[in-house]
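The file query_6.tsv comes next; it holds TSV, C-alpha atoms.
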chain	number	residue	atom	x	y	z
A	1	MET	CA	13.35	21.46	-2.54
A	2	THR	CA	11.34	19.72	-5.26
A	3	ASP	CA	8.30	21.50	-6.67
A	4	LEU	CA	6.07	18.43	-6.71
A	5	ILE	CA	6.26	14.98	-5.14
A	6	ILE	CA	3.95	12.31	-6.55
A	7	ILE	CA	3.28	9.17	-4.53
A	8	GLY	CA	2.60	6.27	-6.89
A	9	ALA	CA	3.67	5.51	-10.47
A	10	GLY	CA	0.42	4.13	-11.84
A	11	PRO	CA	-1.63	5.84	-14.58
A	12	ALA	CA	-2.73	8.64	-12.22
A	13	GLY	CA	0.76	9.30	-10.89
A	14	LEU	CA	2.50	9.14	-14.26
A	15	ALA	CA	-0.16	11.31	-15.92
A	16	SER	CA	0.37	13.83	-13.08
A	17	ALA	CA	4.10	13.75	-13.73
A	18	ILE	CA	3.67	14.30	-17.47
A	19	TYR	CA	1.39	17.31	-16.98
A	20	ALA	CA	3.49	18.82	-14.20
A	21	LEU	CA	6.74	18.43	-16.13
A	22	ARG	CA	5.22	20.01	-19.22
A	23	ALA	CA	4.23	22.95	-16.99
A	24	GLY	CA	7.86	23.39	-15.95
A	25	LEU	CA	7.81	21.89	-12.46
A	26	SER	CA	10.54	19.70	-10.98
A	27	VAL	CA	9.00	16.34	-10.15
A	28	LYS	CA	9.87	13.33	-8.01
A	29	VAL	CA	7.75	10.18	-8.21
A	30	PHE	CA	7.89	7.60	-5.43
A	31	GLU	CA	6.92	3.99	-6.19
A	32	GLU	CA	7.39	1.06	-3.83
A	33	LEU	CA	6.92	-1.73	-6.39
A	34	SER	CA	7.05	-1.23	-10.16
A	35	PRO	CA	5.60	1.46	-12.47
A	36	GLY	CA	2.13	0.99	-13.90
A	37	GLY	CA	0.08	0.04	-10.86
A	38	GLN	CA	-2.94	-2.20	-11.50
A	39	ALA	CA	-2.73	-1.38	-15.21
A	40	ALA	CA	0.65	-3.10	-15.51
A	41	VAL	CA	-0.84	-6.45	-14.45
A	42	THR	CA	-3.99	-6.18	-16.58
A	43	PRO	CA	-3.85	-8.64	-19.51
A	44	GLU	CA	-5.57	-6.37	-22.02
A	45	ILE	CA	-6.90	-2.79	-21.96
A	46	GLU	CA	-9.72	-2.37	-24.46
A	47	ASN	CA	-11.62	0.62	-23.08
A	48	TYR	CA	-9.06	3.43	-23.24
A	49	PRO	CA	-10.23	6.02	-25.83
A	50	GLY	CA	-8.08	6.09	-28.95
A	51	ILE	CA	-6.44	2.73	-28.27
A	52	LYS	CA	-8.39	-0.24	-29.59
A	53	SER	CA	-6.43	-2.79	-27.58
A	54	VAL	CA	-3.12	-2.83	-25.70
A	55	SER	CA	-1.57	-5.05	-23.06
A	56	GLY	CA	-1.47	-3.46	-19.62
A	57	ALA	CA	2.29	-3.96	-19.45
A	58	ASP	CA	2.84	-2.13	-22.75
A	59	PHE	CA	0.51	0.69	-21.73
A	60	ALA	CA	2.31	1.11	-18.39
A	61	LEU	CA	5.74	1.05	-20.06
A	62	SER	CA	4.66	3.71	-22.54
A	63	LEU	CA	3.47	6.00	-19.71
A	64	PHE	CA	6.68	5.40	-17.77
A	65	GLU	CA	8.91	6.15	-20.78
A	66	GLN	CA	6.97	9.31	-21.58
A	67	ALA	CA	7.37	10.62	-18.02
A	68	MET	CA	11.08	9.73	-18.00
A	69	SER	CA	11.64	11.43	-21.36
A	70	LEU	CA	10.31	14.67	-19.87
A	71	GLY	CA	12.68	14.48	-16.92
A	72	ALA	CA	10.74	12.73	-14.18
A	73	GLN	CA	12.86	11.52	-11.27
A	74	ILE	CA	11.49	8.18	-10.10
A	75	GLU	CA	12.58	6.82	-6.72
A	76	PHE	CA	11.78	3.27	-5.60
A	77	GLU	CA	11.08	4.02	-1.97
A	78	THR	CA	8.09	3.34	0.30
A	79	VAL	CA	6.37	6.47	1.58
A	80	LEU	CA	5.68	6.28	5.31
A	81	SER	CA	4.08	9.64	6.07
A	82	ILE	CA	3.48	13.23	5.07
A	83	THR	CA	3.88	16.20	7.43
A	84	CYS	CA	3.99	19.95	6.92
A	85	ASP	CA	6.37	22.69	7.99
A	86	GLY	CA	4.40	25.78	7.12
A	87	ASN	CA	3.64	25.46	3.41
A	88	THR	CA	6.48	22.98	2.88
A	89	LYS	CA	5.43	19.34	2.61
A	90	ILE	CA	7.78	16.75	4.12
A	91	VAL	CA	7.47	13.25	2.68
A	92	LYS	CA	9.18	10.60	4.79
A	93	THR	CA	10.16	7.35	3.08
A	94	ASP	CA	11.92	4.23	4.27
A	95	ALA	CA	15.15	5.84	3.05
A	96	LEU	CA	15.04	9.63	3.50
A	97	GLU	CA	12.96	12.73	4.09
A	98	HIS	CA	12.07	14.80	1.03
A	99	LYS	CA	10.69	18.35	0.87
A	100	ALA	CA	8.24	19.65	-1.73
A	101	LYS	CA	5.96	22.58	-2.39
A	102	ALA	CA	3.03	20.28	-3.22
A	103	VAL	CA	2.17	16.59	-3.12
A	104	ILE	CA	-0.10	14.39	-5.21
A	105	ILE	CA	-1.11	11.10	-3.60
A	106	ALA	CA	-1.74	8.59	-6.38
A	107	ASN	CA	-0.99	5.33	-4.63
A	108	GLY	CA	-3.99	3.51	-6.07
A	109	ALA	CA	-5.64	0.66	-4.19
A	110	LYS	CA	-4.66	-2.93	-3.46
A	111	ARG	CA	-6.48	-6.21	-4.05
A	112	ARG	CA	-8.97	-7.04	-1.30
A	113	LYS	CA	-8.46	-10.27	0.63
A	114	LEU	CA	-11.07	-12.92	1.45
A	115	ASN	CA	-9.98	-13.34	5.08
A	116	ILE	CA	-10.86	-17.05	5.13
A	117	LYS	CA	-9.12	-20.10	6.54
A	118	GLY	CA	-6.03	-21.04	4.52
A	119	GLU	CA	-5.72	-17.76	2.61
A	120	GLU	CA	-2.75	-16.37	4.52
A	121	GLU	CA	-1.23	-19.82	5.04
A	122	PHE	CA	-1.07	-20.55	1.31
A	123	SER	CA	-0.34	-17.02	0.07
A	124	GLY	CA	2.46	-17.46	-2.45
A	125	ARG	CA	1.95	-21.22	-2.36
A	126	GLY	CA	-1.19	-21.44	-4.44
A	127	VAL	CA	-3.08	-18.30	-3.40
A	128	SER	CA	-2.47	-15.31	-5.65
A	129	TYR	CA	-3.94	-11.86	-6.27
A	130	CYS	CA	-2.43	-11.39	-9.73
A	131	ALA	CA	-3.18	-13.75	-12.61
A	132	VAL	CA	-0.73	-12.07	-14.97
A	133	CYS	CA	2.08	-12.23	-12.40
A	134	ASP	CA	1.57	-15.84	-11.31
A	135	GLY	CA	-0.52	-17.56	-13.97
A	136	SER	CA	2.45	-19.21	-15.69
A	137	PHE	CA	3.13	-21.27	-12.54
A	138	TYR	CA	-0.11	-23.16	-13.16
A	139	LYS	CA	0.37	-24.14	-16.79
A	140	GLY	CA	-1.74	-27.20	-17.54
A	141	GLY	CA	-3.26	-27.13	-14.06
A	142	VAL	CA	-6.67	-26.50	-12.52
A	143	VAL	CA	-7.32	-23.14	-10.89
A	144	LEU	CA	-10.15	-21.23	-9.28
A	145	VAL	CA	-10.89	-17.53	-9.69
A	146	ILE	CA	-13.21	-15.82	-7.23
A	147	GLY	CA	-15.03	-12.61	-8.08
A	148	GLY	CA	-17.68	-11.23	-10.41
A	149	GLY	CA	-16.31	-7.98	-11.77
A	150	ASN	CA	-14.18	-7.11	-14.76
A	151	THR	CA	-10.91	-8.10	-13.08
A	152	ALA	CA	-12.17	-11.57	-12.13
A	153	LEU	CA	-13.45	-12.28	-15.64
A	154	GLU	CA	-10.27	-10.93	-17.24
A	155	ASP	CA	-8.24	-13.16	-14.92
A	156	ALA	CA	-10.36	-16.20	-15.81
A	157	LEU	CA	-9.92	-15.60	-19.54
A	158	TYR	CA	-6.18	-15.06	-19.14
A	159	LEU	CA	-5.79	-18.25	-17.10
A	160	ALA	CA	-7.90	-20.25	-19.58
A	161	ASN	CA	-5.09	-19.73	-22.10
A	162	ILE	CA	-2.63	-21.37	-19.70
A	163	CYS	CA	-4.58	-23.86	-17.58
A	164	LYS	CA	-6.63	-26.91	-18.56
A	165	LYS	CA	-9.54	-25.88	-16.31
A	166	VAL	CA	-10.72	-22.67	-14.64
A	167	TYR	CA	-13.51	-22.48	-12.07
A	168	LEU	CA	-15.03	-19.00	-11.84
A	169	VAL	CA	-16.84	-18.54	-8.53
A	170	HIS	CA	-19.19	-15.64	-7.77
A	171	ARG	CA	-21.37	-15.16	-4.71
A	172	ARG	CA	-24.21	-13.64	-6.73
A	173	ASP	CA	-26.25	-15.21	-9.53
A	174	GLU	CA	-25.02	-12.77	-12.16
A	175	PHE	CA	-21.78	-10.97	-12.97
A	176	ARG	CA	-21.11	-7.26	-12.50
A	177	ALA	CA	-18.67	-7.14	-15.43
A	178	THR	CA	-19.16	-5.62	-18.86
A	179	LYS	CA	-21.24	-7.57	-21.38
A	180	ASN	CA	-18.38	-8.30	-23.78
A	181	LEU	CA	-16.36	-9.94	-20.99
A	182	ILE	CA	-19.36	-11.95	-19.79
A	183	ASP	CA	-19.95	-13.19	-23.34
A	184	LYS	CA	-16.31	-14.22	-23.75
A	185	VAL	CA	-16.32	-16.11	-20.44
A	186	LYS	CA	-19.55	-17.95	-21.20
A	187	GLN	CA	-18.23	-19.00	-24.61
A	188	ASN	CA	-14.94	-20.34	-23.23
A	189	GLU	CA	-15.13	-24.11	-22.82
A	190	LYS	CA	-12.32	-24.18	-20.26
A	191	ILE	CA	-14.19	-21.95	-17.82
A	192	GLU	CA	-16.84	-23.44	-15.52
A	193	ILE	CA	-19.01	-20.81	-13.82
A	194	LEU	CA	-20.22	-21.45	-10.28
A	195	PHE	CA	-22.84	-18.84	-9.42
A	196	SER	CA	-24.12	-18.28	-5.86
A	197	PHE	CA	-21.11	-19.89	-4.21
A	198	VAL	CA	-18.60	-18.48	-1.72
A	199	LEU	CA	-15.17	-19.82	-0.90
A	200	GLU	CA	-15.14	-21.08	2.67
A	201	LYS	CA	-11.75	-22.75	3.11
A	202	ILE	CA	-8.49	-23.46	1.29
A	203	THR	CA	-6.58	-26.60	2.23
A	204	GLY	CA	-3.47	-28.51	1.24
A	205	SER	CA	-0.12	-29.72	2.52
A	206	ASP	CA	2.81	-27.67	1.22
A	207	LYS	CA	0.64	-25.95	-1.38
A	208	VAL	CA	-3.02	-25.52	-2.33
A	209	GLU	CA	-4.74	-28.80	-3.12
A	210	GLN	CA	-8.44	-28.31	-2.40
A	211	VAL	CA	-11.09	-25.67	-1.77
A	212	SER	CA	-14.41	-25.86	0.05
A	213	LEU	CA	-17.35	-23.91	-1.37
A	214	VAL	CA	-20.78	-23.12	0.09
A	215	ASN	CA	-23.89	-22.24	-1.91
A	216	THR	CA	-25.32	-18.93	-0.69
A	217	LYS	CA	-28.91	-20.01	-1.36
A	218	SER	CA	-29.13	-23.68	-0.46
A	219	GLY	CA	-26.24	-24.05	1.98
A	220	GLU	CA	-24.91	-26.88	-0.20
A	221	THR	CA	-21.20	-27.57	0.29
A	222	MET	CA	-18.84	-28.57	-2.49
A	223	LYS	CA	-15.16	-29.44	-2.71
A	224	LYS	CA	-12.93	-28.92	-5.74
A	225	GLU	CA	-9.41	-30.16	-6.34
A	226	VAL	CA	-7.36	-27.20	-7.58
A	227	ASN	CA	-3.72	-26.18	-7.91
A	228	GLY	CA	-4.27	-22.47	-7.40
A	229	VAL	CA	-6.73	-19.85	-6.16
A	230	PHE	CA	-6.83	-16.36	-7.68
A	231	VAL	CA	-8.64	-13.73	-5.59
A	232	ALA	CA	-10.26	-10.90	-7.58
A	233	ILE	CA	-12.97	-9.46	-5.34
A	234	GLY	CA	-12.21	-5.79	-5.73
A	235	LEU	CA	-9.87	-3.21	-4.30
A	236	GLU	CA	-9.32	-1.50	-0.98
A	237	PRO	CA	-7.32	1.64	-0.14
A	238	ASP	CA	-4.08	1.73	1.83
A	239	ASN	CA	-4.24	5.21	3.29
A	240	SER	CA	-3.91	4.85	7.06
A	241	ARG	CA	-0.44	6.44	6.84
A	242	PHE	CA	-2.06	9.65	5.56
A	243	GLU	CA	-4.94	9.93	8.04
A	244	ASN	CA	-3.02	12.48	10.15
A	245	ILE	CA	-2.75	14.92	7.24
A	246	VAL	CA	-5.86	14.47	5.02
A	247	GLU	CA	-9.46	13.49	5.65
A	248	LEU	CA	-10.44	9.91	4.78
A	249	GLU	CA	-13.85	8.45	3.94
A	250	ASN	CA	-14.20	4.67	4.23
A	251	GLY	CA	-10.44	4.47	3.88
A	252	TYR	CA	-10.31	6.50	0.66
A	253	ILE	CA	-8.89	10.03	0.57
A	254	LYS	CA	-11.75	12.50	0.50
A	255	ALA	CA	-11.32	14.57	-2.67
A	256	GLY	CA	-13.68	15.77	-5.38
A	257	GLU	CA	-13.27	16.13	-9.12
A	258	ASP	CA	-10.73	18.90	-8.53
A	259	CYS	CA	-8.59	16.32	-6.66
A	260	LYS	CA	-8.16	18.74	-3.72
A	261	THR	CA	-7.93	17.13	-0.29
A	262	SER	CA	-8.71	18.68	3.08
A	263	LYS	CA	-5.09	19.93	3.26
A	264	ALA	CA	-4.03	22.77	0.98
A	265	GLY	CA	-1.25	21.75	-1.37
A	266	ILE	CA	-1.97	18.03	-1.10
A	267	PHE	CA	-3.98	16.43	-3.89
A	268	ALA	CA	-5.34	12.92	-4.47
A	269	ALA	CA	-5.66	11.29	-7.89
A	270	GLY	CA	-6.89	7.94	-9.17
A	271	ASP	CA	-8.24	4.95	-7.29
A	272	THR	CA	-7.06	6.25	-3.92
A	273	ARG	CA	-9.67	9.03	-3.77
A	274	THR	CA	-13.43	9.01	-3.23
A	275	LYS	CA	-15.02	8.57	-6.65
A	276	ALA	CA	-17.70	6.61	-8.49
A	277	VAL	CA	-15.64	5.14	-11.34
A	278	ARG	CA	-12.19	3.58	-10.97
A	279	GLN	CA	-10.76	2.91	-14.43
A	280	VAL	CA	-7.49	3.63	-16.22
A	281	VAL	CA	-9.06	6.50	-18.14
A	282	THR	CA	-10.41	8.19	-14.99
A	283	ALA	CA	-7.05	7.73	-13.25
A	284	ALA	CA	-5.25	9.45	-16.13
A	285	SER	CA	-7.87	12.21	-16.09
A	286	ASP	CA	-7.35	12.72	-12.36
A	287	GLY	CA	-3.63	12.95	-12.94
A	288	ALA	CA	-4.08	15.80	-15.40
A	289	VAL	CA	-6.46	17.64	-13.07
A	290	ALA	CA	-4.32	17.15	-9.96
A	291	ALA	CA	-1.17	18.35	-11.69
A	292	THR	CA	-2.90	21.41	-13.11
A	293	CYS	CA	-4.27	22.30	-9.67
A	294	ALA	CA	-0.84	21.71	-8.11
A	295	VAL	CA	0.74	24.12	-10.59
A	296	GLU	CA	-1.87	26.75	-9.72
A	297	TYR	CA	-1.33	26.21	-5.99
A	298	ILE	CA	2.47	26.53	-6.26
A	299	ASN	CA	2.23	29.67	-8.39
A	300	ASN	CA	-0.09	31.28	-5.85
A	301	ILE	CA	1.73	30.30	-2.67
A	302	PHE	CA	5.44	30.25	-3.53

Turn the structure described in the file into structure tokens.
Amino acid sequence: MTDLIIIGAGPAGLASAIYALRAGLSVKVFEELSPGGQAAVTPEIENYPGIKSVSGADFALSLFEQAMSLGAQIEFETVLSITCDGNTKIVKTDALEHKAKAVIIANGAKRRKLNIKGEEEFSGRGVSYCAVCDGSFYKGGVVLVIGGGNTALEDALYLANICKKVYLVHRRDEFRATKNLIDKVKQNEKIEILFSFVLEKITGSDKVEQVSLVNTKSGETMKKEVNGVFVAIGLEPDNSRFENIVELENGYIKAGEDCKTSKAGIFAAGDTRTKAVRQVVTAASDGAVAATCAVEYINNIF
């Protein structure tokens, strides 16, 4: 039986692994995609204390290598559920069942969808949720980014280096991003900002060709010819598989700053839990806290 199973290999999960391994626990980390989580597909991280600037991919790789160097066992399996047999936690994946003394859920959150006409139809054929992953497919083209937070502005800036034109659409009349990002976007000649517009429909033949926009104030409609649409309207949790074992709140795992859930021996760290700030630095902090609490729990119970 493994001491600790960690679900998710993003900053929260890998920080948990690092702290738990340094405390002498045996650790398995389950990741269904690739290590790094949202951080790995962030063009540039400029707000992590002690690091002036680093690409998200490099930051994620560094975390991954550090965890591996300490002896982390990383399995690329999809976790389906968690159950308990007394104090033993049973984590079922799409491959096997694994037993552990404690579990840290650090599966992050996924990009929210627009749920508009054409979004599903053209997903992977012009509709994307990751500028870093898919931006190169639109070199020299015209794209549209929708959203008003840090991710949307970062995506727009990243795409402006690749594409000849970037439309940045936001339903409000001002951005919610940090000032330095707003300043960079406004100074970039390739980016055209469309405030107070929402995306109504995406159309095309085999791939995206046109979008329809509606002004939230005047009701004015507008069409734009584009090659791609990048959706960056925030995150949403993916925790329905855990609702039988821990308490959820608006889809997020209910856990405080101690990362303790409603079930003893199961902890939640990073974007997946109820919290006010979801950033790389707070995810890493959660990982340290969750691992420390897991060590204490294991020492007391087993």

At what distance in Å, to one decimal, does CA of Ala20 (chain A) lie from CA of Ala291 (chain A)?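 Atom-to-atom, CA of Ala291 (chain A) to CA of Ala20 (chain A), that is 5.3 Å.
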
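We find CA of Ile233 (chain A) and CA of Ala39 (chain A) to be spaced 16.4 Å apart.
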
Of A:Ala106, A:Ala284, A:Leu4, A:Val79, the one nearest to Phe59 (chain A) when counting all atoms listed in the file is A:Ala284

Any chance you could tabulate, as JSON lines, the residues of region 87-148 of chain A at most 10 Å from region 158-163 of chain A with each one's nearest atom pair and distance in Å to one decimal, using only C-alpha atoms, in chain and rising number order?
{"residue": "A:Ala131", "atom": "CA", "partner": "A:Leu159", "partner_atom": "CA", "distance": 6.9}
{"residue": "A:Val132", "atom": "CA", "partner": "A:Tyr158", "partner_atom": "CA", "distance": 7.5}
{"residue": "A:Asp134", "atom": "CA", "partner": "A:Leu159", "partner_atom": "CA", "distance": 9.7}
{"residue": "A:Gly135", "atom": "CA", "partner": "A:Leu159", "partner_atom": "CA", "distance": 6.2}
{"residue": "A:Ser136", "atom": "CA", "partner": "A:Ile162", "partner_atom": "CA", "distance": 6.8}
{"residue": "A:Phe137", "atom": "CA", "partner": "A:Ile162", "partner_atom": "CA", "distance": 9.2}
{"residue": "A:Tyr138", "atom": "CA", "partner": "A:Cys163", "partner_atom": "CA", "distance": 6.3}
{"residue": "A:Lys139", "atom": "CA", "partner": "A:Ile162", "partner_atom": "CA", "distance": 5.0}
{"residue": "A:Gly140", "atom": "CA", "partner": "A:Cys163", "partner_atom": "CA", "distance": 4.4}
{"residue": "A:Gly141", "atom": "CA", "partner": "A:Cys163", "partner_atom": "CA", "distance": 5.0}
{"residue": "A:Val142", "atom": "CA", "partner": "A:Cys163", "partner_atom": "CA", "distance": 6.1}
{"residue": "A:Val143", "atom": "CA", "partner": "A:Cys163", "partner_atom": "CA", "distance": 7.3}
{"residue": "A:Leu144", "atom": "CA", "partner": "A:Leu159", "partner_atom": "CA", "distance": 9.4}
{"residue": "A:Val145", "atom": "CA", "partner": "A:Leu159", "partner_atom": "CA", "distance": 9.0}

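Closest approach to Leu199 (chain A) among A:Asp155, A:Asp238, A:Glu119, A:Asp183: A:Glu119, based on all atoms listed in the file.
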
What lies within 10 Å of Val54 (chain A) using only C-alpha atoms, ignoring chain neighbours under 6 positions off, as a PyMOL selection string? chain A and resi 42-48+60

Just want the 9 Å neighbourhood of Val295 (chain A), counted on all atoms listed in the file, with same-chain residues fewer than 5 positions away dropped. Output as a PyMOL selection string. chain A and resi 3-4+20+23-25+102+290+300

Which one is closest to Ile82 (chain A): A:Ile18, A:Ala276, A:Ile105, A:Val229? Count all atoms listed in the file. A:Ile105

Pick out the residues sitting within 12 Å of region 89-97 of chain A, and hand them over as a ChimeraX atom specification; count only C-alpha atoms, and ignore anything fewer than 2 positions along from it in its own chain. /A:1-7,28-32,75-87,99-105,241-242,245,263-267,298

Emit the selected residues as a short mmCIF file (atom, residue, chain, number, x, y, z; two decimals), in the coordinates of the input, including C-alpha atoms.
data_model
loop_
_atom_site.label_atom_id
_atom_site.label_comp_id
_atom_site.auth_asym_id
_atom_site.auth_seq_id
_atom_site.Cartn_x
_atom_site.Cartn_y
_atom_site.Cartn_z
CA MET A 1 13.35 21.46 -2.54
CA THR A 2 11.34 19.72 -5.26
CA ASP A 3 8.30 21.50 -6.67
CA LEU A 4 6.07 18.43 -6.71
CA ILE A 5 6.26 14.98 -5.14
CA ILE A 6 3.95 12.31 -6.55
CA ILE A 7 3.28 9.17 -4.53
CA LYS A 28 9.87 13.33 -8.01
CA VAL A 29 7.75 10.18 -8.21
CA PHE A 30 7.89 7.60 -5.43
CA GLU A 31 6.92 3.99 -6.19
CA GLU A 32 7.39 1.06 -3.83
CA GLU A 75 12.58 6.82 -6.72
CA PHE A 76 11.78 3.27 -5.60
CA GLU A 77 11.08 4.02 -1.97
CA THR A 78 8.09 3.34 0.30
CA VAL A 79 6.37 6.47 1.58
CA LEU A 80 5.68 6.28 5.31
CA SER A 81 4.08 9.64 6.07
CA ILE A 82 3.48 13.23 5.07
CA THR A 83 3.88 16.20 7.43
CA CYS A 84 3.99 19.95 6.92
CA ASP A 85 6.37 22.69 7.99
CA GLY A 86 4.40 25.78 7.12
CA ASN A 87 3.64 25.46 3.41
CA LYS A 99 10.69 18.35 0.87
CA ALA A 100 8.24 19.65 -1.73
CA LYS A 101 5.96 22.58 -2.39
CA ALA A 102 3.03 20.28 -3.22
CA VAL A 103 2.17 16.59 -3.12
CA ILE A 104 -0.10 14.39 -5.21
CA ILE A 105 -1.11 11.10 -3.60
CA ARG A 241 -0.44 6.44 6.84
CA PHE A 242 -2.06 9.65 5.56
CA ILE A 245 -2.75 14.92 7.24
CA LYS A 263 -5.09 19.93 3.26
CA ALA A 264 -4.03 22.77 0.98
CA GLY A 265 -1.25 21.75 -1.37
CA ILE A 266 -1.97 18.03 -1.10
CA PHE A 267 -3.98 16.43 -3.89
CA ILE A 298 2.47 26.53 -6.26
#

Compile the contact shell of Asp173 (chain A) as a ChimeraX atom specification: residues with an atom at most 10 Å away, counting only C-alpha atoms, same-chain residues fewer than 5 positions apart removed. /A:148,194-197,216-217

Take CA of Met222 (chain A) and CA of Arg171 (chain A) and report the distance between them in Å, one decimal. 13.8 Å

Around (-2.5, -4.1, -4.4), as given in the file, which residues come within 10 Å? Count all atoms listed in the file and list them as a list of chain:residue names.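 So the residues meeting the distance criterion are A:Leu33, A:Gly37, A:Gln38, A:Asn107, A:Gly108, A:Ala109, A:Lys110, A:Arg111, A:Arg112, A:Lys113, A:Tyr129, A:Cys130, A:Gly234, A:Leu235, A:Glu236, A:Pro237, A:Asp238.
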
Shortest interatomic distance to Cys133 (chain A) - which of A:Ile253, A:Val280, A:Ala57, A:Val214, counting all atoms listed in the file: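 Closest candidate: A:Ala57.
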
Identify which of the residues A:Val185, A:Val277, A:Val41, A:Tyr167 lies closest to Lys223 (chain A), counting only C-alpha atoms when measuring atom-to-atom distances. A:Tyr167

Please tell me which residues are no farther than 8 Å from (-7.8, 9.0, -5.9) in the file, counting all atoms listed in the file, and write them as a PyMOL selection string. chain A and resi 105-108+252-253+255+259+268-275+283+286

Polymer residues at most 9 Å from Thr203 (chain A), only C-alpha atoms, same-chain spacing of 2 or more positions, as number ranges by chain: A: 117-119, 122, 201, 205, 207-212

Centre and edge lengths, as JSON, for the axis-aligned box enclosing every listed atom of region 109-124 of chain A with 6 Å of padding on each of the six sides, in Å to one decimal?
{"center_x": -4.3, "center_y": -10.2, "center_z": 1.2, "size_x": 25.5, "size_y": 33.7, "size_z": 22.7}

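Distance annotation: of A:Pro49, A:Asn188, A:Ser123, A:Leu14, the residue with the minimal separation from Val281 (chain A) is A:Pro49; atom set is only C-alpha atoms.
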
Output file request: region 192-203 of chain A, with N, CA and C atoms, as an mmCIF file, in the first residue's frame.
data_model
loop_
_atom_site.group_PDB
_atom_site.id
_atom_site.type_symbol
_atom_site.label_atom_id
_atom_site.label_comp_id
_atom_site.auth_asym_id
_atom_site.auth_seq_id
_atom_site.Cartn_x
_atom_site.Cartn_y
_atom_site.Cartn_z
ATOM 1 N N GLU A 192 -7.090 44.041 -31.720
ATOM 2 C CA GLU A 192 -8.246 44.947 -31.747
ATOM 3 C C GLU A 192 -9.214 44.527 -30.638
ATOM 4 N N ILE A 193 -9.484 45.442 -29.715
ATOM 5 C CA ILE A 193 -10.337 45.151 -28.567
ATOM 6 C C ILE A 193 -11.797 45.463 -28.907
ATOM 7 N N LEU A 194 -12.664 44.526 -28.614
ATOM 8 C CA LEU A 194 -14.106 44.713 -28.820
ATOM 9 C C LEU A 194 -14.793 44.564 -27.466
ATOM 10 N N PHE A 195 -14.972 45.697 -26.783
ATOM 11 C CA PHE A 195 -15.645 45.685 -25.488
ATOM 12 C C PHE A 195 -17.158 45.567 -25.669
ATOM 13 N N SER A 196 -17.816 45.017 -24.637
ATOM 14 C CA SER A 196 -19.286 44.918 -24.587
ATOM 15 C C SER A 196 -19.863 44.103 -25.733
ATOM 16 N N PHE A 197 -19.138 43.076 -26.140
ATOM 17 C CA PHE A 197 -19.644 42.149 -27.154
ATOM 18 C C PHE A 197 -19.593 40.729 -26.608
ATOM 19 N N VAL A 198 -20.562 39.912 -27.043
ATOM 20 C CA VAL A 198 -20.541 38.478 -26.730
ATOM 21 C C VAL A 198 -20.560 37.704 -28.034
ATOM 22 N N LEU A 199 -19.965 36.537 -27.988
ATOM 23 C CA LEU A 199 -19.947 35.667 -29.163
ATOM 24 C C LEU A 199 -21.255 34.887 -29.205
ATOM 25 N N GLU A 200 -21.968 35.004 -30.300
ATOM 26 C CA GLU A 200 -23.279 34.375 -30.427
ATOM 27 C C GLU A 200 -23.227 33.073 -31.216
ATOM 28 N N LYS A 201 -22.402 33.023 -32.256
ATOM 29 C CA LYS A 201 -22.408 31.862 -33.149
ATOM 30 C C LYS A 201 -21.080 31.746 -33.882
ATOM 31 N N ILE A 202 -20.659 30.518 -34.114
ATOM 32 C CA ILE A 202 -19.452 30.220 -34.894
ATOM 33 C C ILE A 202 -19.883 29.419 -36.114
ATOM 34 N N THR A 203 -19.469 29.861 -37.287
ATOM 35 C CA THR A 203 -19.891 29.171 -38.511
ATOM 36 C C THR A 203 -18.706 28.889 -39.421
#
